[in-house]
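J.: Handing you a structure now.
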4 protein chains.
Amino acid sequence: MRVSVIGGGSIGDEEYETARRLGEVLAERGHTVVCGGLTGVMEAVCRGASEAGGETIGILPGEDRAAANEYVETPIATGMGNARNVLVVLNGDAAIAVDGSTGTLSEIAFALNDGVPVAGLDTHDIDGVEAVETPEAAVEYVESARR
Amino acid sequence: MRVSVIGGGSIGDEEYETARRLGEVLAERGHTVVCGGLTGVMEAVCRGASEAGGETIGILPGEDRAAANEYVETPIATGMGNARNVLVVLNGDAAIAVDGSTGTLSEIAFALNDGVPVAGLDTHDIDGVEAVETPEAAVEYVESARR
Amino acid sequence: MRVSVIGGGSIGDEEYETARRLGEVLAERGHTVVCGGLTGVMEAVCRGASEAGGETIGILPGEDRAAANEYVETPIATGMGNARNVLVVLNGDAAIAVDGSTGTLSEIAFALNDGVPVAGLDTHDIDGVEAVETPEAAVEYVESARR
Amino acid sequence: MRVSVIGGGSIGDEEYETARRLGEVLAERGHTVVCGGLTGVMEAVCRGASEAGGETIGILPGEDRAAANEYVETPIATGMGNARNVLVVLNGDAAIAVDGSTGTLSEIAFALNDGVPVAGLDTHDIDGVEAVETPEAAVEYVESARR
């Protein structure tokens with residue numbers, strides 16, 4: 001299935017490793033990563049997925065596909081700014097949030113609004129988000145709860 | 001200034017009266033209401049503002065302007081579905097949330113992301129949202145904190 | 001009714017006067033001008049309408065309402081770039097094109113696609129666009145053909 | 001490179017074969033097809049590309065990825081209606097139009113507006129569109145004129 005991975009664009013080493021491992025797990029289990037295509041969690045998860053042979057889609061805020069991080073296989077330019085967050089969520093069957101600030105919160109909200117299962121790794125404590133401790137647990141949760 | 005009022009599309013009598021009073025206060029103080037143009041909080045706040053002689057803008061998810069509630073003076077159709085939430089927030093200098101579920105949460109998140117002050121009346125408990133008890137207090141907060 | 005006025009952002013004096021006169025005629029007949037909110041035809045038609053006491057809505061490509069020309073009464077920011085052209089057309093009951101290049105052509109196409117009547121003043125020669133000679137004739141055409 | 005193929009959603013057998021052949025040629029020359037993901041020209045070009053081992057991206061107007069034709073490898077849902085036409089064009093380095101009505105005209109206009117080369121097979125006669133007779137000539141043109 002497709003999993004939207006959402007999270008901060010500017011993160012520390014620990015979160016980077018978590019997101020990278022999440023990308024690996026998703027790819028190993030045959031899932032495609034959908035994300036916002038830029039830096040931080042978006043880069044780390046695409047890197048992990050790409051290194052494990054998985055597919056990655058990056059839905060970008062700007063008009064220039066070249067702005068995608070180097071691990072995005074299929075960049076999609078939108079020119080819509082933050083409204084592209086809606087498309088990131090719309091194109092997943094489930095969502096996993098890693099860390100993140102208000103942009104991530106908006107994506108969590110859209111996912112819950114769409115009735116998509118959401119797992120959270122060290123992210124906002126919101127009703128409906130399944131808080132998990134590891135990338136593996138996040139993937140297991142969304143596999144079991146997928147819409 | 002313009003104030004984006006965000007909240008549930010399906011609410012009880014008490015929330016309806018709160019939102020209606022909020023519309024009155026906004027209009028009396030010369031502010032324009034921006035909202036999603038439909039039912040519930042959106043209708044109540046437009047009604048209050050309209051009855052007090054204020055201006056109301058409704059930014060609709062669908063393509064049909066006729067879907068706006070009867071108190072919307074300037075309906076704007078978008079055909080963008082939930083992505084119109086981004087436009088509701090973008091068109092205010094501040095935001096006030098009343099009650100509301102995940103759609104409202106997404107709008108709160110976009111407002112915080114944009115650096116717009118947000119007051120909350122009985123809504124999500126999110127860092128950065130100023131929880132207030134009355135419509136008057138909500139308006140006073142956003143007037144003092146406006147961007 | 002609402003009339004979307006579409007046309008070039010950079011025009012000569014003659015086109016400016018045509019668009020300004022068009023705004024006057026629309027206002028005098030009680031119609032609201034919807035446009036892209038910027039310069040050229042957009043400014044001229046808003047100016048004419050505003051000076052005749054009419055209402056003007058400017059749907060902007062960027063996120064900043066302050067980018068609207070000074071004759072826009074109700075600016076709507078979108079942050080969607082050229083995709084806002086779709087919204088300019090969607091919010092009119094008819095369209096009038098004045099001069100214009102490829103951006104205007106996209107708006108004409110969207111209007112025809114939506115089944116909205118389109119009058120053209122010295123603009124693209126496209127099947128379905130009623131070529132007229134004067135602002136008055138343009139308004140008369142869209143009044144008679146309105147959807 | 002990526003080539004946006006635009007054209008009617010409801011076409012005759014001859015246009016279907018032209019678009020299918022166009023997809024084959026694009027795939028054989030290593031290009032990725034970007035289109036609106038639905039029926040008619042969109043289906044035919046994806047089919048041709050897919051049968052020749054090429055890649056296909058379908059950018060859909062609705063929220064449901066399952067609406068894509070069966071030859072779309074990477075469907076992207078937008079929920080934006082006709083505004084998705086802007087994204088179809090934005091995600092190509094060049095555009096080829098086959099047949100088509102006003103929706104196609106809007107895409108041609110956006111492509112010209114973006115400065116993207118456009119080849120036309122039996123489509124609108126618009127300044128800036130290179131009219132060609134065969135799928136091979138269309139691909140050769142956009143290869144030579146690519147942005």
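Letters A, B, ... go to the chains of the structure tokens in the order shown; residues in each chain start at 1; ligands are counted from 1 in the same order.
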Should the cut-off be 7 Å, what would the residue list for chain A against chain B look like, counting only C-alpha atoms, as number ranges by chain?

T.: A: 83, 86, 102-103, 105-106, 109-110, 112-113

J.: Could the residues in this selection be written to a file with all heavy atoms, as a PDB file, in the first residue's frame?

T.:
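Saved to part08.pdb:
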```pdb
ATOM      1  N   ALA A  83      -0.884  24.105   0.739  1.00  0.00           N
ATOM      2  CA  ALA A  83      -2.070  23.331   0.384  1.00  0.00           C
ATOM      3  C   ALA A  83      -1.663  21.974  -0.172  1.00  0.00           C
ATOM      4  O   ALA A  83      -2.474  21.051  -0.233  1.00  0.00           O
ATOM      5  CB  ALA A  83      -2.935  24.084  -0.620  1.00  0.00           C
ATOM      6  N   VAL A  86      -2.424  18.695   1.838  1.00  0.00           N
ATOM      7  CA  VAL A  86      -3.663  17.949   1.638  1.00  0.00           C
ATOM      8  C   VAL A  86      -3.422  16.794   0.658  1.00  0.00           C
ATOM      9  O   VAL A  86      -3.909  15.683   0.845  1.00  0.00           O
ATOM     10  CB  VAL A  86      -4.767  18.872   1.090  1.00  0.00           C
ATOM     11  CG1 VAL A  86      -6.059  18.111   0.860  1.00  0.00           C
ATOM     12  CG2 VAL A  86      -4.989  20.043   2.039  1.00  0.00           C
ATOM     13  N   THR A 102       3.866  22.398  13.239  1.00  0.00           N
ATOM     14  CA  THR A 102       2.492  22.707  12.855  1.00  0.00           C
ATOM     15  C   THR A 102       2.134  22.198  11.452  1.00  0.00           C
ATOM     16  O   THR A 102       0.988  21.838  11.199  1.00  0.00           O
ATOM     17  CB  THR A 102       2.245  24.228  12.924  1.00  0.00           C
ATOM     18  OG1 THR A 102       3.313  24.892  12.240  1.00  0.00           O
ATOM     19  CG2 THR A 102       2.225  24.695  14.366  1.00  0.00           C
ATOM     20  N   GLY A 103       3.101  22.146  10.543  1.00  0.00           N
ATOM     21  CA  GLY A 103       2.827  21.589   9.217  1.00  0.00           C
ATOM     22  C   GLY A 103       2.428  20.124   9.337  1.00  0.00           C
ATOM     23  O   GLY A 103       1.466  19.667   8.715  1.00  0.00           O
ATOM     24  N   LEU A 105       1.213  18.766  12.015  1.00  0.00           N
ATOM     25  CA  LEU A 105      -0.085  18.728  12.692  1.00  0.00           C
ATOM     26  C   LEU A 105      -1.224  18.886  11.682  1.00  0.00           C
ATOM     27  O   LEU A 105      -2.251  18.210  11.774  1.00  0.00           O
ATOM     28  CB  LEU A 105      -0.150  19.841  13.747  1.00  0.00           C
ATOM     29  CG  LEU A 105      -1.459  19.947  14.533  1.00  0.00           C
ATOM     30  CD1 LEU A 105      -1.767  18.659  15.293  1.00  0.00           C
ATOM     31  CD2 LEU A 105      -1.407  21.128  15.511  1.00  0.00           C
ATOM     32  N   SER A 106      -1.028  19.758  10.698  1.00  0.00           N
ATOM     33  CA  SER A 106      -2.089  19.937   9.695  1.00  0.00           C
ATOM     34  C   SER A 106      -2.290  18.654   8.896  1.00  0.00           C
ATOM     35  O   SER A 106      -3.413  18.287   8.547  1.00  0.00           O
ATOM     36  CB  SER A 106      -1.768  21.114   8.764  1.00  0.00           C
ATOM     37  OG  SER A 106      -0.756  20.795   7.823  1.00  0.00           O
ATOM     38  N   ALA A 109      -4.140  16.155  11.000  1.00  0.00           N
ATOM     39  CA  ALA A 109      -5.552  16.526  11.046  1.00  0.00           C
ATOM     40  C   ALA A 109      -6.271  16.123   9.760  1.00  0.00           C
ATOM     41  O   ALA A 109      -7.384  15.581   9.796  1.00  0.00           O
ATOM     42  CB  ALA A 109      -5.698  18.033  11.277  1.00  0.00           C
ATOM     43  N   PHE A 110      -5.650  16.352   8.625  1.00  0.00           N
ATOM     44  CA  PHE A 110      -6.283  15.955   7.362  1.00  0.00           C
ATOM     45  C   PHE A 110      -6.425  14.434   7.279  1.00  0.00           C
ATOM     46  O   PHE A 110      -7.431  13.935   6.780  1.00  0.00           O
ATOM     47  CB  PHE A 110      -5.482  16.472   6.165  1.00  0.00           C
ATOM     48  CG  PHE A 110      -5.816  17.885   5.803  1.00  0.00           C
ATOM     49  CD1 PHE A 110      -4.844  18.873   5.815  1.00  0.00           C
ATOM     50  CD2 PHE A 110      -7.110  18.238   5.448  1.00  0.00           C
ATOM     51  CE1 PHE A 110      -5.157  20.192   5.489  1.00  0.00           C
ATOM     52  CE2 PHE A 110      -7.430  19.549   5.116  1.00  0.00           C
ATOM     53  CZ  PHE A 110      -6.451  20.529   5.141  1.00  0.00           C
ATOM     54  N   LEU A 112      -6.750  12.293   9.816  1.00  0.00           N
ATOM     55  CA  LEU A 112      -7.848  11.881  10.700  1.00  0.00           C
ATOM     56  C   LEU A 112      -9.183  12.261  10.080  1.00  0.00           C
ATOM     57  O   LEU A 112     -10.157  11.512  10.147  1.00  0.00           O
ATOM     58  CB  LEU A 112      -7.684  12.534  12.071  1.00  0.00           C
ATOM     59  CG  LEU A 112      -6.437  12.102  12.865  1.00  0.00           C
ATOM     60  CD1 LEU A 112      -6.296  12.959  14.121  1.00  0.00           C
ATOM     61  CD2 LEU A 112      -6.497  10.614  13.234  1.00  0.00           C
ATOM     62  N   ASN A 113      -9.216  13.423   9.461  1.00  0.00           N
ATOM     63  CA  ASN A 113     -10.433  13.910   8.815  1.00  0.00           C
ATOM     64  C   ASN A 113     -10.868  12.981   7.681  1.00  0.00           C
ATOM     65  O   ASN A 113     -12.057  12.776   7.439  1.00  0.00           O
ATOM     66  CB  ASN A 113     -10.161  15.313   8.255  1.00  0.00           C
ATOM     67  CG  ASN A 113     -11.414  16.132   8.089  1.00  0.00           C
ATOM     68  OD1 ASN A 113     -12.308  16.105   8.921  1.00  0.00           O
ATOM     69  ND2 ASN A 113     -11.490  16.856   6.992  1.00  0.00           N
TER      70      ASN A 113
END
```

J.: Could you do a least-squares fit of chain C on chain D over every C-alpha atom, in sequence order, and give the output as a PDB file with C-alpha atoms, in the first residue's frame?

T.:
```pdb
ATOM      1  CA  MET C   1      12.211  13.590 -19.997  1.00  0.00           C
ATOM      2  CA  ARG C   2       8.618  13.896 -18.882  1.00  0.00           C
ATOM      3  CA  VAL C   3       6.020  14.688 -21.529  1.00  0.00           C
ATOM      4  CA  SER C   4       2.517  15.846 -20.637  1.00  0.00           C
ATOM      5  CA  VAL C   5       0.058  14.332 -23.068  1.00  0.00           C
ATOM      6  CA  ILE C   6      -3.239  16.164 -23.190  1.00  0.00           C
ATOM      7  CA  GLY C   7      -6.382  15.456 -25.136  1.00  0.00           C
ATOM      8  CA  GLY C   8     -10.027  14.519 -25.157  1.00  0.00           C
ATOM      9  CA  GLY C   9     -11.567  12.099 -22.677  1.00  0.00           C
ATOM     10  CA  SER C  10     -13.964  10.817 -25.311  1.00  0.00           C
ATOM     11  CA  ILE C  11     -12.444  10.026 -28.712  1.00  0.00           C
ATOM     12  CA  GLY C  12     -12.879   7.911 -31.828  1.00  0.00           C
ATOM     13  CA  ASP C  13     -10.915   4.823 -32.837  1.00  0.00           C
ATOM     14  CA  GLU C  14      -8.513   6.738 -35.025  1.00  0.00           C
ATOM     15  CA  GLU C  15      -7.537   9.173 -32.274  1.00  0.00           C
ATOM     16  CA  TYR C  16      -7.219   6.258 -29.859  1.00  0.00           C
ATOM     17  CA  GLU C  17      -4.719   4.578 -32.136  1.00  0.00           C
ATOM     18  CA  THR C  18      -2.805   7.820 -32.611  1.00  0.00           C
ATOM     19  CA  ALA C  19      -2.554   8.356 -28.862  1.00  0.00           C
ATOM     20  CA  ARG C  20      -1.614   4.747 -28.243  1.00  0.00           C
ATOM     21  CA  ARG C  21       1.139   4.962 -30.815  1.00  0.00           C
ATOM     22  CA  LEU C  22       2.299   8.203 -29.228  1.00  0.00           C
ATOM     23  CA  GLY C  23       2.616   6.400 -25.893  1.00  0.00           C
ATOM     24  CA  GLU C  24       4.696   3.672 -27.524  1.00  0.00           C
ATOM     25  CA  VAL C  25       7.054   6.153 -29.160  1.00  0.00           C
ATOM     26  CA  LEU C  26       7.485   8.082 -25.927  1.00  0.00           C
ATOM     27  CA  ALA C  27       8.274   4.902 -23.996  1.00  0.00           C
ATOM     28  CA  GLU C  28      10.642   3.590 -26.647  1.00  0.00           C
ATOM     29  CA  ARG C  29      12.601   6.826 -26.447  1.00  0.00           C
ATOM     30  CA  GLY C  30      12.778   6.668 -22.667  1.00  0.00           C
ATOM     31  CA  HIS C  31      10.277   9.368 -21.797  1.00  0.00           C
ATOM     32  CA  THR C  32       7.708   9.281 -19.007  1.00  0.00           C
ATOM     33  CA  VAL C  33       4.078  10.048 -19.842  1.00  0.00           C
ATOM     34  CA  VAL C  34       2.224  12.516 -17.593  1.00  0.00           C
ATOM     35  CA  CYS C  35      -1.511  12.857 -18.171  1.00  0.00           C
ATOM     36  CA  GLY C  36      -4.869  13.383 -16.528  1.00  0.00           C
ATOM     37  CA  GLY C  37      -5.219   9.680 -15.797  1.00  0.00           C
ATOM     38  CA  LEU C  38      -8.739   9.089 -17.095  1.00  0.00           C
ATOM     39  CA  THR C  39     -10.248   7.899 -20.393  1.00  0.00           C
ATOM     40  CA  GLY C  40      -9.840   8.656 -24.117  1.00  0.00           C
ATOM     41  CA  VAL C  41      -6.454  10.099 -25.052  1.00  0.00           C
ATOM     42  CA  MET C  42      -5.310   9.678 -21.458  1.00  0.00           C
ATOM     43  CA  GLU C  43      -6.029   5.956 -21.471  1.00  0.00           C
ATOM     44  CA  ALA C  44      -4.691   5.364 -24.960  1.00  0.00           C
ATOM     45  CA  VAL C  45      -1.351   7.067 -24.357  1.00  0.00           C
ATOM     46  CA  CYS C  46      -0.867   5.262 -21.039  1.00  0.00           C
ATOM     47  CA  ARG C  47      -1.725   1.979 -22.705  1.00  0.00           C
ATOM     48  CA  GLY C  48       0.785   2.490 -25.467  1.00  0.00           C
ATOM     49  CA  ALA C  49       3.489   3.551 -23.053  1.00  0.00           C
ATOM     50  CA  SER C  50       2.755   0.767 -20.627  1.00  0.00           C
ATOM     51  CA  GLU C  51       2.761  -1.902 -23.316  1.00  0.00           C
ATOM     52  CA  ALA C  52       6.150  -0.626 -24.468  1.00  0.00           C
ATOM     53  CA  GLY C  53       7.514  -0.801 -20.917  1.00  0.00           C
ATOM     54  CA  GLY C  54       7.381   2.926 -20.210  1.00  0.00           C
ATOM     55  CA  GLU C  55       6.362   4.862 -17.135  1.00  0.00           C
ATOM     56  CA  THR C  56       3.029   6.652 -16.725  1.00  0.00           C
ATOM     57  CA  ILE C  57       1.815   9.223 -14.206  1.00  0.00           C
ATOM     58  CA  GLY C  58      -1.900  10.110 -14.011  1.00  0.00           C
ATOM     59  CA  ILE C  59      -2.880  13.295 -12.166  1.00  0.00           C
ATOM     60  CA  LEU C  60      -6.543  12.875 -11.330  1.00  0.00           C
ATOM     61  CA  PRO C  61      -9.284  15.470 -10.749  1.00  0.00           C
ATOM     62  CA  GLY C  62     -10.925  13.512  -7.936  1.00  0.00           C
ATOM     63  CA  GLU C  63      -9.891  12.167  -4.556  1.00  0.00           C
ATOM     64  CA  ASP C  64      -9.967   8.496  -5.527  1.00  0.00           C
ATOM     65  CA  ARG C  65      -6.847   6.958  -7.043  1.00  0.00           C
ATOM     66  CA  ALA C  66      -8.902   4.004  -8.207  1.00  0.00           C
ATOM     67  CA  ALA C  67     -10.469   6.252 -10.859  1.00  0.00           C
ATOM     68  CA  ALA C  68      -7.253   6.078 -12.880  1.00  0.00           C
ATOM     69  CA  ASN C  69      -7.280   4.000 -16.046  1.00  0.00           C
ATOM     70  CA  GLU C  70      -5.593   0.627 -15.711  1.00  0.00           C
ATOM     71  CA  TYR C  71      -2.447   1.707 -17.561  1.00  0.00           C
ATOM     72  CA  VAL C  72      -1.510   4.434 -15.082  1.00  0.00           C
ATOM     73  CA  GLU C  73       1.435   3.230 -13.051  1.00  0.00           C
ATOM     74  CA  THR C  74       1.557   6.150 -10.618  1.00  0.00           C
ATOM     75  CA  PRO C  75      -1.845   7.749  -9.960  1.00  0.00           C
ATOM     76  CA  ILE C  76      -1.893  11.036  -8.055  1.00  0.00           C
ATOM     77  CA  ALA C  77      -5.238  12.105  -6.597  1.00  0.00           C
ATOM     78  CA  THR C  78      -5.843  15.840  -6.218  1.00  0.00           C
ATOM     79  CA  GLY C  79      -9.507  16.471  -5.372  1.00  0.00           C
ATOM     80  CA  MET C  80      -9.084  19.787  -7.215  1.00  0.00           C
ATOM     81  CA  GLY C  81     -11.353  19.209 -10.198  1.00  0.00           C
ATOM     82  CA  ASN C  82     -10.299  21.002 -13.361  1.00  0.00           C
ATOM     83  CA  ALA C  83      -7.559  22.873 -11.535  1.00  0.00           C
ATOM     84  CA  ARG C  84      -5.602  19.645 -11.774  1.00  0.00           C
ATOM     85  CA  ASN C  85      -5.035  20.546 -15.441  1.00  0.00           C
ATOM     86  CA  VAL C  86      -2.465  23.039 -14.198  1.00  0.00           C
ATOM     87  CA  LEU C  87      -0.591  20.233 -12.457  1.00  0.00           C
ATOM     88  CA  VAL C  88      -0.654  17.982 -15.517  1.00  0.00           C
ATOM     89  CA  VAL C  89       1.217  20.646 -17.459  1.00  0.00           C
ATOM     90  CA  LEU C  90       3.479  21.686 -14.587  1.00  0.00           C
ATOM     91  CA  ASN C  91       4.825  18.164 -14.332  1.00  0.00           C
ATOM     92  CA  GLY C  92       6.017  17.872 -17.916  1.00  0.00           C
ATOM     93  CA  ASP C  93       9.091  19.249 -19.670  1.00  0.00           C
ATOM     94  CA  ALA C  94       7.015  19.502 -22.831  1.00  0.00           C
ATOM     95  CA  ALA C  95       3.437  18.867 -23.912  1.00  0.00           C
ATOM     96  CA  ILE C  96       1.788  17.026 -26.785  1.00  0.00           C
ATOM     97  CA  ALA C  97      -1.901  17.648 -27.502  1.00  0.00           C
ATOM     98  CA  VAL C  98      -4.048  15.119 -29.355  1.00  0.00           C
ATOM     99  CA  ASP C  99      -7.489  16.163 -30.509  1.00  0.00           C
ATOM    100  CA  GLY C 100      -9.381  17.553 -27.506  1.00  0.00           C
ATOM    101  CA  SER C 101     -11.846  20.244 -26.594  1.00  0.00           C
ATOM    102  CA  THR C 102     -11.866  23.119 -24.116  1.00  0.00           C
ATOM    103  CA  GLY C 103     -10.165  21.187 -21.306  1.00  0.00           C
ATOM    104  CA  THR C 104      -7.293  20.457 -23.667  1.00  0.00           C
ATOM    105  CA  LEU C 105      -7.269  24.078 -24.756  1.00  0.00           C
ATOM    106  CA  SER C 106      -6.796  25.155 -21.138  1.00  0.00           C
ATOM    107  CA  GLU C 107      -3.833  22.808 -20.843  1.00  0.00           C
ATOM    108  CA  ILE C 108      -2.307  24.086 -24.087  1.00  0.00           C
ATOM    109  CA  ALA C 109      -2.683  27.612 -22.749  1.00  0.00           C
ATOM    110  CA  PHE C 110      -1.018  26.756 -19.456  1.00  0.00           C
ATOM    111  CA  ALA C 111       1.837  25.052 -21.293  1.00  0.00           C
ATOM    112  CA  LEU C 112       2.415  28.054 -23.544  1.00  0.00           C
ATOM    113  CA  ASN C 113       2.136  30.297 -20.495  1.00  0.00           C
ATOM    114  CA  ASP C 114       4.879  28.281 -18.778  1.00  0.00           C
ATOM    115  CA  GLY C 115       7.094  28.452 -21.865  1.00  0.00           C
ATOM    116  CA  VAL C 116       6.898  24.713 -22.434  1.00  0.00           C
ATOM    117  CA  PRO C 117       7.118  23.479 -26.055  1.00  0.00           C
ATOM    118  CA  VAL C 118       3.815  22.120 -27.352  1.00  0.00           C
ATOM    119  CA  ALA C 119       3.251  19.841 -30.328  1.00  0.00           C
ATOM    120  CA  GLY C 120      -0.267  19.321 -31.644  1.00  0.00           C
ATOM    121  CA  LEU C 121      -1.778  16.332 -33.432  1.00  0.00           C
ATOM    122  CA  ASP C 122      -5.086  17.333 -34.990  1.00  0.00           C
ATOM    123  CA  THR C 123      -5.839  19.761 -32.180  1.00  0.00           C
ATOM    124  CA  HIS C 124      -6.525  23.469 -31.644  1.00  0.00           C
ATOM    125  CA  ASP C 125      -4.814  25.810 -34.074  1.00  0.00           C
ATOM    126  CA  ILE C 126      -3.125  28.143 -31.614  1.00  0.00           C
ATOM    127  CA  ASP C 127      -0.094  30.348 -32.110  1.00  0.00           C
ATOM    128  CA  GLY C 128       2.873  28.625 -30.535  1.00  0.00           C
ATOM    129  CA  VAL C 129       1.600  25.080 -30.999  1.00  0.00           C
ATOM    130  CA  GLU C 130       3.677  23.115 -33.514  1.00  0.00           C
ATOM    131  CA  ALA C 131       1.194  21.278 -35.720  1.00  0.00           C
ATOM    132  CA  VAL C 132       2.559  17.833 -36.628  1.00  0.00           C
ATOM    133  CA  GLU C 133       1.207  14.890 -38.610  1.00  0.00           C
ATOM    134  CA  THR C 134       2.486  11.855 -36.703  1.00  0.00           C
ATOM    135  CA  PRO C 135       3.300  10.727 -33.159  1.00  0.00           C
ATOM    136  CA  GLU C 136       6.939  10.376 -34.188  1.00  0.00           C
ATOM    137  CA  ALA C 137       7.069  13.977 -35.398  1.00  0.00           C
ATOM    138  CA  ALA C 138       5.451  15.150 -32.176  1.00  0.00           C
ATOM    139  CA  VAL C 139       8.083  13.459 -30.053  1.00  0.00           C
ATOM    140  CA  GLU C 140      10.910  14.684 -32.246  1.00  0.00           C
ATOM    141  CA  TYR C 141       9.628  18.233 -31.957  1.00  0.00           C
ATOM    142  CA  VAL C 142       9.418  18.244 -28.178  1.00  0.00           C
ATOM    143  CA  GLU C 143      12.796  16.561 -27.877  1.00  0.00           C
ATOM    144  CA  SER C 144      14.393  19.293 -29.931  1.00  0.00           C
ATOM    145  CA  ALA C 145      12.514  22.164 -28.294  1.00  0.00           C
ATOM    146  CA  ARG C 146      12.387  20.982 -24.692  1.00  0.00           C
ATOM    147  CA  ARG C 147      12.829  23.565 -22.059  1.00  0.00           C
TER     148      ARG C 147
END
```

J.: Any chance you could list, as a ChimeraX atom specification, the residues in chain D that come up strand (DSSP E or B) when DSSP is run on the backbone?

T.: /D:2-7,32-35,56-60,74-77,94-98,118-121,129-132

J.: From a DSSP pass on the backbone, collect the residues of chain B flagged as helix (DSSP H, G or I) and hand them back as number ranges by chain.

T.: B: 13-28, 41-51, 65-67, 81-90, 102-114, 135-145
